[in-house]
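Novice: Before I ask anything, let me first share the structure, which is written out below as structure tokens.
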2 protein chains.
Amino acid sequence: MAQDKKTIRLLFPQWQGGNNPDYVFGGELLAQIAPKSNTDETFEVEVDTDFEKKLEVENGLTGGDVISEQMEKTAAILEEQQPDKIIIFGGDCSMDQVPFDYLSGKYGDKLGILWLDAHPDIATKNDSTNVHEMVAANLLGKGAPQFVTEVKNPVSLSHMMYAGLIEKDLRDRDKLVKELNVRFVGPDELKGNSRPIIDWIEENKIEYLAVHFDLDVLSPKDFRSIYPAEPYTKAEDFPAAVGEMKLVEVVRVLNDVSVKADIVGLGIAEHLPWDAINLRKALSEISIFNN
Amino acid sequence: MAQDKKTIRLLFPQWQGGNNPDYVFGGELLAQIAPKSNTDETFEVEVDTDFEKKLEVENGLTGGDVISEQMEKTAAILEEQQPDKIIIFGGDCSMDQVPFDYLSGKYGDKLGILWLDAHPDIATKNDSTNVHEMVAANLLGKGAPQFVTEVKNPVSLSHMMYAGLIEKDLRDRDKLVKELNVRFVGPDELKGNSRPIIDWIEENKIEYLAVHFDLDVLSPKDFRSIYPAEPYTKAEDFPAAVGEMKLVEVVRVLNDVSVKADIVGLGIAEHLPWDAINLRKALSEISIFNN
């Protein structure tokens, strides 16, 4: 079955949605870290890298105009390539909006979105100006219906589920999780088995899955290339929820769900490889690298 | 002055000297992390990646034959390219032997070797079978005079200095440091200034420097892509010396010495990017990466 499907890889190091330039190098490195493929072609969505220019709030969104342009470029690539499956290397979490919208258009109500994240990314323009906090709301059609927040093929509430979400640290801007009663499962319930997600897939007759994998769903003890694991900072001082899953648990969950539904989208987001970032900066200051 | 010198980059992910296949991916990623250059050409020394095959001890050295072949390939590249300056991406510490031998041949007694490392790498075949523990001894002409341990242009004792060495954790196999009275400076003495190294440069009329930068000279708190910083292990349980320097200190030292001597060689060794290694393995087990 797999062989006759077309998979493409998108390198989309959009950083403006989280207003953090380090996501660009993080995304580029992610594309190098990923297992090589002889068949999947990689397309890079060029992003504005004028880091000196302060991002303005446009139409209520930080960097709104440039994000809009970059999302249009992404849509154009998908429109032309018409892939069956998409791997996305981010970038901040907003990089999954257009590819998941495309997959929703392609697979309709057979598609479910599994959101692996310590945070629900379900804010609206009433709560935030950062697009990376809004992507899930947008995909559910709950974002303000204009501009970059608008998706063409919103998924129904029953077809989205969070995994690894830290419920106790939900903030005011995350309130739609409870108001809309979006399904979620925390890290503890996934330690032993993947049943809560399998149940959701079966109950909703989901056949295809788009998986958003925000690396910060992982514990800083397990994986350090994430925001709360910056050297010389303590995870307990981090001003937002900190993930608690392990990489091996994420792999087990995705293998378990693969038996029930075909993973047709996988976006890996918010890679902050501190050692690589700091080492590149250090080397750039040494004479032999400046001939 | 710099513009008329030819700098090349060598990607030499030799892993057999430390008997650790992870050094291959570590080296490849290091070449991606390094600042880009428009002028420096990169040459890759292909290494045997048959990781399934157990390395035999040949002539007293683990993987001796294949290391010998790989070093010969490196020498051939340098012979043909005749660079003035060399950046080397390792690989285990043994990857610096041939390039530093070449630089010693080129610059003679105007060259000094600065060895940034928590360990002295000064064992001989009496103490070890691992080539990455012997490189400094070899460059000093103190290794057994045969096979891969032999260098053409040994440097004199006065022209080698250790920095960041952890003296209290010197082991029996490190005894030549004291027996030969090789100069060294520990991490504490380098916190405030680089004077001990400047003194060595001035006293010995060193004009050119080859710098061996074993990343494990760094503290696991500062930089986690090294052996003693593996997730779920404690640095205090590591069975060898653990580094104590910071990246910013290494940069300051190298900038300070650059005023006195031209850095013509820089080898970066033993990169173990745990997050990248574990993430690549995890992704390779997920269905969408196996189409």
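Lettering and numbering for the structure tokens are positional, with chains as A, B, ... in the shown order, residues counted from 1 in each chain, and ligands counted from 1 in the shown order.
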Can you build me a table of chain A residues sitting at most 8 Å from chain B, with the closest atom pair per residue and its distance in Å to one decimal, using only C-alpha atoms, sorted by chain and residue number, as a tab-separated table?

Specialist:
residue	atom	partner	partner_atom	distance
A:Ala2	CA	B:Asn291	CA	5.6
A:Gln3	CA	B:Asn291	CA	6.3
A:Thr7	CA	B:Asn291	CA	7.7
A:Leu29	CA	B:Gln32	CA	7.5
A:Gln32	CA	B:Leu29	CA	7.5
A:Ile33	CA	B:Arg280	CA	5.8
A:Ala34	CA	B:Arg280	CA	5.3
A:Pro35	CA	B:Ser284	CA	5.9
A:Ser37	CA	B:Phe289	CA	7.8
A:Lys85	CA	B:Ile288	CA	7.8
A:Ile87	CA	B:Ile288	CA	7.7
A:Lys221	CA	B:Pro231	CA	6.5
A:Asp222	CA	B:Pro231	CA	6.0
A:Phe223	CA	B:Asp275	CA	5.7
A:Arg224	CA	B:Asp275	CA	6.7
A:Ser225	CA	B:Asp275	CA	6.7
A:Pro231	CA	B:Asp222	CA	6.1
A:Tyr232	CA	B:Lys221	CA	7.0
A:Leu247	CA	B:Ala282	CA	6.8
A:Val248	CA	B:Ala282	CA	7.0
A:Val251	CA	B:Ala282	CA	6.1
A:Leu254	CA	B:Ile286	CA	6.7
A:Asn255	CA	B:Ile286	CA	6.4
A:Ser258	CA	B:Ser287	CA	7.1
A:Ile263	CA	B:Ile288	CA	6.3
A:Val264	CA	B:Ile288	CA	6.9
A:Gly265	CA	B:Ile288	CA	7.8
A:Leu266	CA	B:Ile288	CA	7.6
A:Asp275	CA	B:Phe223	CA	5.7
A:Ala276	CA	B:Ile33	CA	6.0
A:Ile277	CA	B:Ile33	CA	7.8
A:Asn278	CA	B:Leu247	CA	7.8
A:Leu279	CA	B:Leu247	CA	7.4
A:Arg280	CA	B:Ala34	CA	5.3
A:Lys281	CA	B:Pro35	CA	7.9
A:Ala282	CA	B:Val251	CA	6.2
A:Leu283	CA	B:Ala34	CA	6.8
A:Ser284	CA	B:Pro35	CA	5.9
A:Glu285	CA	B:Val251	CA	7.0
A:Ile286	CA	B:Asn255	CA	6.4
A:Ser287	CA	B:Ser258	CA	7.1
A:Ile288	CA	B:Ile263	CA	6.3
A:Phe289	CA	B:Pro35	CA	7.2
A:Asn291	CA	B:Ala2	CA	5.6

Novice: Would you export the selected residues with N, CA and C atoms as a compact mmCIF listing (two decimals), in the first residue's frame, please?

Specialist:
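Dumped everything to part12.txt:
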# COMPACT_ATOMS: atom_id res chain seq x y z
N ALA A 2 1.89 1.23 0.86
CA ALA A 2 2.67 2.44 1.04
C ALA A 2 3.35 2.88 -0.26
N GLN A 3 3.80 1.90 -1.05
CA GLN A 3 4.64 2.22 -2.19
C GLN A 3 3.99 3.15 -3.21
N THR A 7 5.02 10.66 -0.77
CA THR A 7 5.37 11.38 0.45
C THR A 7 6.35 12.50 0.11
N LEU A 29 18.54 22.00 10.97
CA LEU A 29 19.26 20.87 11.56
C LEU A 29 18.35 19.65 11.68
N GLN A 32 18.39 17.59 8.74
CA GLN A 32 19.62 16.79 8.63
C GLN A 32 19.58 15.59 9.57
N ILE A 33 18.91 15.77 10.71
CA ILE A 33 18.85 14.70 11.71
C ILE A 33 17.92 13.58 11.27
N ALA A 34 16.85 13.94 10.57
CA ALA A 34 15.85 12.95 10.17
C ALA A 34 16.50 11.84 9.34
N PRO A 35 15.96 10.63 9.45
CA PRO A 35 16.49 9.54 8.62
C PRO A 35 16.43 9.92 7.15
N SER A 37 16.05 9.57 3.09
CA SER A 37 15.10 8.84 2.25
C SER A 37 15.58 8.87 0.80
N LYS A 85 1.19 12.05 1.55
CA LYS A 85 1.70 12.14 2.92
C LYS A 85 2.71 13.28 2.99
N ILE A 87 5.73 15.08 5.57
CA ILE A 87 6.55 15.24 6.78
C ILE A 87 6.96 16.71 6.82
N LYS A 221 14.47 16.01 30.80
CA LYS A 221 15.45 15.00 31.20
C LYS A 221 15.71 14.02 30.08
N ASP A 222 14.73 13.87 29.21
CA ASP A 222 14.82 12.89 28.13
C ASP A 222 15.42 13.50 26.87
N PHE A 223 15.13 14.78 26.65
CA PHE A 223 15.48 15.45 25.39
C PHE A 223 15.72 16.91 25.72
N ARG A 224 16.92 17.41 25.43
CA ARG A 224 17.29 18.73 25.91
C ARG A 224 17.23 19.83 24.86
N SER A 225 16.87 19.48 23.61
CA SER A 225 16.85 20.49 22.55
C SER A 225 15.49 21.17 22.45
N PRO A 231 20.55 25.48 28.69
CA PRO A 231 21.58 25.35 29.73
C PRO A 231 21.48 26.48 30.76
N TYR A 232 21.75 26.13 31.99
CA TYR A 232 21.76 27.07 33.12
C TYR A 232 20.36 27.58 33.50
N LEU A 247 10.88 10.01 24.53
CA LEU A 247 10.91 9.69 23.11
C LEU A 247 10.42 8.26 22.84
N VAL A 248 10.86 7.32 23.67
CA VAL A 248 10.44 5.93 23.44
C VAL A 248 8.93 5.77 23.60
N VAL A 251 7.31 7.09 20.36
CA VAL A 251 7.45 6.09 19.30
C VAL A 251 6.44 4.95 19.50
N LEU A 254 2.96 6.12 18.54
CA LEU A 254 2.77 6.25 17.09
C LEU A 254 2.76 4.90 16.39
N ASN A 255 3.52 3.95 16.91
CA ASN A 255 3.44 2.60 16.33
C ASN A 255 2.11 1.94 16.65
N SER A 258 -0.55 3.44 14.45
CA SER A 258 -0.34 3.11 13.04
C SER A 258 -1.07 1.84 12.63
N ILE A 263 -0.64 7.05 9.27
CA ILE A 263 -0.09 8.39 9.55
C ILE A 263 0.27 9.05 8.21
N VAL A 264 -0.50 10.06 7.85
CA VAL A 264 -0.28 10.73 6.56
C VAL A 264 0.36 12.11 6.73
N GLY A 265 0.47 12.54 7.97
CA GLY A 265 1.15 13.81 8.23
C GLY A 265 1.92 13.71 9.52
N LEU A 266 3.15 14.22 9.53
CA LEU A 266 3.91 14.30 10.78
C LEU A 266 4.71 15.59 10.76
N ASP A 275 22.99 23.10 22.16
CA ASP A 275 24.42 22.87 21.96
C ASP A 275 24.85 23.33 20.57
N ALA A 276 24.05 22.98 19.57
CA ALA A 276 24.40 23.35 18.20
C ALA A 276 24.34 24.87 18.01
N ILE A 277 23.32 25.49 18.57
CA ILE A 277 23.18 26.95 18.48
C ILE A 277 24.39 27.63 19.13
N ASN A 278 24.74 27.17 20.33
CA ASN A 278 25.84 27.81 21.06
C ASN A 278 27.20 27.51 20.43
N LEU A 279 27.34 26.27 19.91
CA LEU A 279 28.62 25.92 19.29
C LEU A 279 28.82 26.69 17.99
N ARG A 280 27.77 26.81 17.18
CA ARG A 280 27.91 27.58 15.93
C ARG A 280 28.32 29.02 16.24
N LYS A 281 27.67 29.60 17.22
CA LYS A 281 28.01 30.98 17.59
C LYS A 281 29.47 31.06 18.06
N ALA A 282 29.88 30.11 18.90
CA ALA A 282 31.25 30.11 19.41
C ALA A 282 32.25 29.99 18.26
N LEU A 283 32.04 29.04 17.37
CA LEU A 283 32.99 28.84 16.28
C LEU A 283 33.07 30.05 15.37
N SER A 284 31.93 30.73 15.20
CA SER A 284 31.92 31.89 14.29
C SER A 284 32.79 33.02 14.83
N GLU A 285 33.16 32.94 16.10
CA GLU A 285 33.99 33.99 16.70
C GLU A 285 35.47 33.63 16.72
N ILE A 286 35.82 32.45 16.18
CA ILE A 286 37.22 31.99 16.19
C ILE A 286 37.84 32.29 14.82
N SER A 287 39.10 32.77 14.86
CA SER A 287 39.73 33.32 13.66
C SER A 287 39.71 32.37 12.46
N ILE A 288 39.98 31.09 12.66
CA ILE A 288 40.11 30.18 11.51
C ILE A 288 38.79 30.02 10.76
N PHE A 289 37.69 30.36 11.40
CA PHE A 289 36.39 30.32 10.71
C PHE A 289 36.06 31.65 10.02
N ASN A 291 38.27 33.32 7.69
CA ASN A 291 39.28 33.63 6.68
C ASN A 291 38.66 34.44 5.55

Novice: Residues near region 13-22 of chain A, anyone? I mean within 7 Å using only C-alpha atoms, not counting same-chain ones fewer than 2 positions away, as a ChimeraX atom specification.

Specialist: /A:11,24-27,47,51,63,67,89-92,94-95,130-132,272

Novice: Let's have the selection written as a CSV table (one decimal), in the first residue's frame, with all heavy atoms.

Specialist:
chain,number,residue,atom,x,y,z
A,11,LEU,N,10.6,21.5,4.5
A,11,LEU,CA,11.4,22.2,5.5
A,11,LEU,C,10.8,23.6,5.6
A,11,LEU,O,10.8,24.4,4.6
A,11,LEU,CB,12.9,22.2,5.1
A,11,LEU,CG,13.8,23.2,5.9
A,11,LEU,CD1,13.7,22.9,7.4
A,11,LEU,CD2,15.2,23.1,5.4
A,24,VAL,N,14.9,28.8,13.1
A,24,VAL,CA,15.3,28.6,11.7
A,24,VAL,C,16.4,27.6,11.6
A,24,VAL,O,16.3,26.6,10.9
A,24,VAL,CB,15.8,29.9,11.1
A,24,VAL,CG1,16.3,29.7,9.6
A,24,VAL,CG2,14.6,30.9,11.0
A,25,PHE,N,17.5,27.8,12.4
A,25,PHE,CA,18.6,26.8,12.4
A,25,PHE,C,18.1,25.5,13.0
A,25,PHE,O,18.5,24.4,12.5
A,25,PHE,CB,19.7,27.4,13.3
A,25,PHE,CG,20.9,26.6,13.4
A,25,PHE,CD1,21.4,25.8,12.3
A,25,PHE,CD2,21.6,26.5,14.6
A,25,PHE,CE1,22.6,25.0,12.5
A,25,PHE,CE2,22.7,25.7,14.8
A,25,PHE,CZ,23.2,24.9,13.7
A,26,GLY,N,17.2,25.6,14.0
A,26,GLY,CA,16.7,24.4,14.6
A,26,GLY,C,16.0,23.5,13.5
A,26,GLY,O,16.1,22.3,13.5
A,27,GLY,N,15.2,24.1,12.6
A,27,GLY,CA,14.5,23.4,11.6
A,27,GLY,C,15.5,22.9,10.5
A,27,GLY,O,15.3,21.7,10.1
A,47,VAL,N,11.9,31.4,4.3
A,47,VAL,CA,11.3,32.3,5.3
A,47,VAL,C,12.2,33.5,5.4
A,47,VAL,O,13.3,33.5,5.1
A,47,VAL,CB,11.1,31.7,6.7
A,47,VAL,CG1,10.2,30.4,6.6
A,47,VAL,CG2,12.5,31.3,7.3
A,51,PHE,N,16.5,39.1,10.8
A,51,PHE,CA,16.2,39.1,12.3
A,51,PHE,C,16.4,40.4,13.0
A,51,PHE,O,15.9,40.6,14.1
A,51,PHE,CB,17.2,38.0,12.9
A,51,PHE,CG,17.0,36.7,12.3
A,51,PHE,CD1,18.2,35.9,12.1
A,51,PHE,CD2,15.8,36.1,12.1
A,51,PHE,CE1,18.1,34.6,11.5
A,51,PHE,CE2,15.7,34.8,11.6
A,51,PHE,CZ,16.9,34.1,11.3
A,63,GLY,N,4.0,39.6,13.3
A,63,GLY,CA,4.5,39.2,12.1
A,63,GLY,C,3.5,38.6,11.1
A,63,GLY,O,3.8,37.8,10.2
A,67,ILE,N,4.0,36.0,7.9
A,67,ILE,CA,3.5,34.6,8.1
A,67,ILE,C,2.5,34.2,7.1
A,67,ILE,O,2.5,33.1,6.5
A,67,ILE,CB,2.8,34.5,9.6
A,67,ILE,CG1,3.9,34.6,10.6
A,67,ILE,CG2,2.1,33.2,9.7
A,67,ILE,CD1,3.4,34.7,12.1
A,89,PHE,N,9.3,19.7,8.8
A,89,PHE,CA,10.3,20.1,9.7
A,89,PHE,C,10.1,21.5,10.0
A,89,PHE,O,10.3,22.4,9.2
A,89,PHE,CB,11.7,19.8,9.2
A,89,PHE,CG,11.9,18.4,8.7
A,89,PHE,CD1,12.2,18.1,7.4
A,89,PHE,CD2,11.8,17.3,9.7
A,89,PHE,CE1,12.5,16.8,7.0
A,89,PHE,CE2,12.1,16.0,9.2
A,89,PHE,CZ,12.4,15.7,7.9
A,90,GLY,N,9.7,21.8,11.3
A,90,GLY,CA,9.5,23.2,11.7
A,90,GLY,C,10.8,23.7,12.4
A,90,GLY,O,11.7,22.9,12.5
A,91,GLY,N,10.8,24.9,12.7
A,91,GLY,CA,9.8,25.9,12.7
A,91,GLY,C,9.0,25.8,14.0
A,91,GLY,O,9.0,24.9,14.8
A,92,ASP,N,8.3,27.0,14.2
A,92,ASP,CA,7.4,27.0,15.4
A,92,ASP,C,6.1,26.2,15.0
A,92,ASP,O,5.9,25.9,13.8
A,92,ASP,CB,7.1,28.4,15.8
A,92,ASP,CG,6.3,29.2,14.8
A,92,ASP,OD1,5.1,28.9,14.6
A,92,ASP,OD2,6.9,30.2,14.2
A,94,SER,N,3.2,26.9,14.2
A,94,SER,CA,2.3,27.4,13.2
A,94,SER,C,2.6,26.7,11.8
A,94,SER,O,1.8,26.8,10.9
A,94,SER,CB,2.5,28.9,13.1
A,94,SER,OG,3.7,29.3,12.6
A,95,MET,N,3.8,26.1,11.7
A,95,MET,CA,4.2,25.5,10.4
A,95,MET,C,3.2,24.3,10.0
A,95,MET,O,3.2,24.0,8.8
A,95,MET,CB,5.6,25.1,10.4
A,95,MET,CG,5.9,23.6,10.7
A,95,MET,SD,5.5,23.1,12.4
A,95,MET,CE,6.2,21.4,12.4
A,130,ASN,N,0.5,35.7,19.2
A,130,ASN,CA,1.5,34.7,18.7
A,130,ASN,C,0.8,33.6,18.0
A,130,ASN,O,0.1,32.8,18.6
A,130,ASN,CB,2.3,34.1,19.8
A,130,ASN,CG,3.1,35.2,20.6
A,130,ASN,OD1,3.7,36.1,19.9
A,130,ASN,ND2,3.2,35.2,21.9
A,131,VAL,N,1.0,33.5,16.7
A,131,VAL,CA,0.3,32.5,15.9
A,131,VAL,C,0.6,31.1,16.3
A,131,VAL,O,-0.3,30.2,16.3
A,131,VAL,CB,0.7,32.7,14.4
A,131,VAL,CG1,0.0,31.6,13.5
A,131,VAL,CG2,0.2,34.1,13.9
A,132,HIS,N,1.8,30.8,16.8
A,132,HIS,CA,2.1,29.4,17.2
A,132,HIS,C,1.3,29.0,18.4
A,132,HIS,O,1.2,27.8,18.7
A,132,HIS,CB,3.6,29.2,17.5
A,132,HIS,CG,4.1,29.8,18.8
A,132,HIS,ND1,5.2,29.2,19.5
A,132,HIS,CD2,3.8,30.9,19.5
A,132,HIS,CE1,5.5,29.9,20.5
A,132,HIS,NE2,4.7,30.9,20.6
A,272,LEU,N,14.9,23.3,19.4
A,272,LEU,CA,15.9,24.3,19.8
A,272,LEU,C,17.2,23.6,20.3
A,272,LEU,O,17.4,23.3,21.5
A,272,LEU,CB,15.4,25.2,21.0
A,272,LEU,CG,14.3,26.2,20.6
A,272,LEU,CD1,13.7,26.9,21.8
A,272,LEU,CD2,14.9,27.3,19.6

Novice: Go through region 34-275 of chain A and collect every residue that DSSP, computed from the backbone, puts in strand (DSSP E or B); the answer should be as a count of residues only.

Specialist: 44

Novice: Mind pulling up the distance from CA of Lys142 (chain B) to CA of Glu80 (chain B)?

Specialist: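 Computing it gives 27.8 Å between the two atoms.
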
Novice: Quick one: of B:Lys205, B:His212, B:Lys168, B:Lys106, who's nearest to Gly186 (chain B), counting only C-alpha atoms?

Specialist: B:Lys168

Novice: Write down as an mmCIF file with N, CA, C and O atoms, in the first residue's frame the residues of region 206-250 of chain B whose backbone DSSP state falls under helix (DSSP H, G or I).

Specialist:
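The result, stored in states.cif:
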data_model
loop_
_atom_site.group_PDB
_atom_site.id
_atom_site.type_symbol
_atom_site.label_atom_id
_atom_site.label_comp_id
_atom_site.auth_asym_id
_atom_site.auth_seq_id
_atom_site.Cartn_x
_atom_site.Cartn_y
_atom_site.Cartn_z
ATOM 1 N N LEU B 215 35.550 18.202 22.618
ATOM 2 C CA LEU B 215 34.391 18.865 23.231
ATOM 3 C C LEU B 215 34.212 18.468 24.692
ATOM 4 O O LEU B 215 33.550 19.185 25.452
ATOM 5 N N ASP B 216 34.815 17.340 25.098
ATOM 6 C CA ASP B 216 34.639 16.939 26.497
ATOM 7 C C ASP B 216 35.509 17.754 27.464
ATOM 8 O O ASP B 216 35.491 17.508 28.662
ATOM 9 N N VAL B 217 36.234 18.736 26.947
ATOM 10 C CA VAL B 217 36.879 19.700 27.843
ATOM 11 C C VAL B 217 35.820 20.603 28.487
ATOM 12 O O VAL B 217 36.083 21.287 29.473
ATOM 13 N N TYR B 227 30.131 12.729 25.912
ATOM 14 C CA TYR B 227 29.937 11.436 26.568
ATOM 15 C C TYR B 227 29.362 11.544 27.986
ATOM 16 O O TYR B 227 28.351 10.907 28.320
ATOM 17 N N PRO B 228 29.975 12.345 28.880
ATOM 18 C CA PRO B 228 29.480 12.337 30.270
ATOM 19 C C PRO B 228 28.125 13.015 30.462
ATOM 20 O O PRO B 228 27.621 13.064 31.587
ATOM 21 N N ALA B 229 27.520 13.517 29.396
ATOM 22 C CA ALA B 229 26.220 14.188 29.513
ATOM 23 C C ALA B 229 25.095 13.373 28.890
ATOM 24 O O ALA B 229 24.039 13.916 28.553
ATOM 25 N N ALA B 235 27.069 12.906 35.674
ATOM 26 C CA ALA B 235 28.475 13.207 35.388
ATOM 27 C C ALA B 235 29.376 12.652 36.487
ATOM 28 O O ALA B 235 30.475 12.166 36.218
ATOM 29 N N GLU B 236 28.892 12.691 37.737
ATOM 30 C CA GLU B 236 29.753 12.226 38.837
ATOM 31 C C GLU B 236 29.994 10.715 38.794
ATOM 32 O O GLU B 236 30.921 10.217 39.439
ATOM 33 N N ASP B 237 29.188 9.983 38.055
ATOM 34 C CA ASP B 237 29.407 8.541 37.915
ATOM 35 C C ASP B 237 30.279 8.197 36.707
ATOM 36 O O ASP B 237 30.599 7.028 36.474
ATOM 37 N N LEU B 247 32.007 27.047 26.955
ATOM 38 C CA LEU B 247 32.251 27.437 25.567
ATOM 39 C C LEU B 247 32.781 28.865 25.476
ATOM 40 O O LEU B 247 33.710 29.132 24.722
ATOM 41 N N VAL B 248 32.195 29.767 26.233
ATOM 42 C CA VAL B 248 32.642 31.168 26.151
ATOM 43 C C VAL B 248 34.092 31.310 26.608
ATOM 44 O O VAL B 248 34.816 32.176 26.108
ATOM 45 N N GLU B 249 34.523 30.448 27.523
ATOM 46 C CA GLU B 249 35.928 30.504 27.953
ATOM 47 C C GLU B 249 36.856 29.993 26.858
ATOM 48 O O GLU B 249 37.928 30.555 26.626
ATOM 49 N N VAL B 250 36.439 28.929 26.189
ATOM 50 C CA VAL B 250 37.245 28.405 25.079
ATOM 51 C C VAL B 250 37.392 29.468 23.998
ATOM 52 O O VAL B 250 38.487 29.696 23.469
#

Novice: Closest to Ile198 (chain A) among A:Leu55, A:Ala261, A:Met245, A:Ala240, using only C-alpha atoms?

Specialist: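 Counting only C-alpha atoms, the residue closest to Ile198 (chain A) is A:Ala261.
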
Novice: Rank A:Met134, A:Leu209, A:Ile77, A:Leu61 by their smallest atom-to-atom distance to Glu44 (chain A), using only C-alpha atoms, and report the top residue only.

Specialist: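 Result for the nearest residue to Glu44 (chain A): A:Ile77.
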
Novice: So that I can see what lies close to Val148 (chain B), please list as JSON, numbers by chain the residues with an atom at most 8 Å from it, counting only C-alpha atoms and leaving out residues fewer than 4 positions away in the same chain.

Specialist: {"B": [64, 67, 68, 71]}

Novice: Go ahead and compute the interatomic distance for CA of Leu165 (chain B) and CA of Ser219 (chain B), in Å to one decimal.

Specialist: 11.9 Å

Novice: A:Glu72, A:Arg173, A:Ser156, A:Glu150: which is nearest Asp121 (chain A), counting only C-alpha atoms?

Specialist: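 Going through A:Glu72, A:Arg173, A:Ser156, A:Glu150 one by one, the smallest distance to Asp121 (chain A) is for A:Arg173.
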
Novice: Extract, using only C-alpha atoms, all DNA, RNA and protein residues at most 10 Å from Ala123 (chain A), discarding same-chain residues fewer than 2 positions from it, and format them as a PyMOL selection string.

Specialist: chain A and resi 120-121+125-138+142-143+171-177

Novice: Generate a file of the selected residues that holds N, CA and C atoms, formatted as an mmCIF file, in the first residue's frame.

Specialist:
data_model
loop_
_atom_site.group_PDB
_atom_site.id
_atom_site.type_symbol
_atom_site.label_atom_id
_atom_site.label_comp_id
_atom_site.auth_asym_id
_atom_site.auth_seq_id
_atom_site.Cartn_x
_atom_site.Cartn_y
_atom_site.Cartn_z
ATOM 1 N N PRO A 120 -1.812 23.353 24.528
ATOM 2 C CA PRO A 120 -2.872 23.044 23.548
ATOM 3 C C PRO A 120 -2.886 23.940 22.301
ATOM 4 N N ASP A 121 -2.116 25.033 22.264
ATOM 5 C CA ASP A 121 -2.052 25.905 21.073
ATOM 6 C C ASP A 121 -3.443 26.303 20.588
ATOM 7 N N LYS A 125 -7.236 35.284 18.921
ATOM 8 C CA LYS A 125 -6.674 36.635 18.900
ATOM 9 C C LYS A 125 -7.124 37.451 20.113
ATOM 10 N N ASN A 126 -8.106 36.982 20.829
ATOM 11 C CA ASN A 126 -8.481 37.659 22.080
ATOM 12 C C ASN A 126 -7.452 37.426 23.189
ATOM 13 N N ASP A 127 -6.697 36.329 23.064
ATOM 14 C CA ASP A 127 -5.802 35.926 24.156
ATOM 15 C C ASP A 127 -4.333 36.176 23.876
ATOM 16 N N SER A 128 -3.939 36.289 22.614
ATOM 17 C CA SER A 128 -2.523 36.259 22.255
ATOM 18 C C SER A 128 -2.314 36.948 20.907
ATOM 19 N N THR A 129 -1.074 37.325 20.633
ATOM 20 C CA THR A 129 -0.734 37.786 19.277
ATOM 21 C C THR A 129 0.192 36.790 18.590
ATOM 22 N N ASN A 130 0.510 35.684 19.250
ATOM 23 C CA ASN A 130 1.481 34.717 18.713
ATOM 24 C C ASN A 130 0.778 33.573 17.984
ATOM 25 N N VAL A 131 1.011 33.494 16.692
ATOM 26 C CA VAL A 131 0.303 32.505 15.873
ATOM 27 C C VAL A 131 0.580 31.072 16.336
ATOM 28 N N HIS A 132 1.787 30.822 16.845
ATOM 29 C CA HIS A 132 2.092 29.424 17.243
ATOM 30 C C HIS A 132 1.258 28.953 18.436
ATOM 31 N N GLU A 133 0.605 29.884 19.115
ATOM 32 C CA GLU A 133 -0.292 29.481 20.208
ATOM 33 C C GLU A 133 -1.724 29.250 19.724
ATOM 34 N N MET A 134 -1.963 29.471 18.431
ATOM 35 C CA MET A 134 -3.342 29.498 17.923
ATOM 36 C C MET A 134 -3.666 28.383 16.935
ATOM 37 N N VAL A 135 -2.667 27.604 16.571
ATOM 38 C CA VAL A 135 -2.829 26.731 15.401
ATOM 39 C C VAL A 135 -3.956 25.720 15.558
ATOM 40 N N ALA A 136 -4.062 25.151 16.751
ATOM 41 C CA ALA A 136 -5.121 24.152 16.940
ATOM 42 C C ALA A 136 -6.499 24.813 16.844
ATOM 43 N N ALA A 137 -6.628 26.014 17.435
ATOM 44 C CA ALA A 137 -7.898 26.741 17.321
ATOM 45 C C ALA A 137 -8.231 26.995 15.854
ATOM 46 N N ASN A 138 -7.217 27.380 15.094
ATOM 47 C CA ASN A 138 -7.445 27.662 13.678
ATOM 48 C C ASN A 138 -7.901 26.411 12.928
ATOM 49 N N LYS A 142 -11.984 27.716 14.937
ATOM 50 C CA LYS A 142 -12.384 28.583 16.050
ATOM 51 C C LYS A 142 -11.574 29.875 16.104
ATOM 52 N N GLY A 143 -10.598 30.013 15.255
ATOM 53 C CA GLY A 143 -9.847 31.255 15.190
ATOM 54 C C GLY A 143 -10.695 32.318 14.525
ATOM 55 N N ARG A 171 -3.567 27.451 31.050
ATOM 56 C CA ARG A 171 -3.691 28.866 31.407
ATOM 57 C C ARG A 171 -5.002 29.424 30.863
ATOM 58 N N ASP A 172 -5.229 30.666 31.163
ATOM 59 C CA ASP A 172 -6.465 31.295 30.717
ATOM 60 C C ASP A 172 -6.619 31.234 29.191
ATOM 61 N N ARG A 173 -5.491 31.438 28.498
ATOM 62 C CA ARG A 173 -5.552 31.429 27.029
ATOM 63 C C ARG A 173 -5.827 30.025 26.458
ATOM 64 N N ASP A 174 -5.760 29.020 27.333
ATOM 65 C CA ASP A 174 -5.993 27.638 26.905
ATOM 66 C C ASP A 174 -7.429 27.185 27.178
ATOM 67 N N LYS A 175 -8.283 28.137 27.582
ATOM 68 C CA LYS A 175 -9.594 27.771 28.132
ATOM 69 C C LYS A 175 -10.488 27.027 27.150
ATOM 70 N N LEU A 176 -10.252 27.208 25.835
ATOM 71 C CA LEU A 176 -11.110 26.522 24.858
ATOM 72 C C LEU A 176 -11.021 24.998 24.966
ATOM 73 N N VAL A 177 -9.908 24.493 25.489
ATOM 74 C CA VAL A 177 -9.800 23.034 25.665
ATOM 75 C C VAL A 177 -11.000 22.529 26.458
#

Novice: Might you pull out every residue within 7 Å of Cys93 (chain A), with only C-alpha atoms counted and same-chain residues fewer than 5 positions away left off, and present them as a list in words?

Specialist: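 In the requested form, the answer reads His132, Asp214, Ala269 and Glu270 of chain A.
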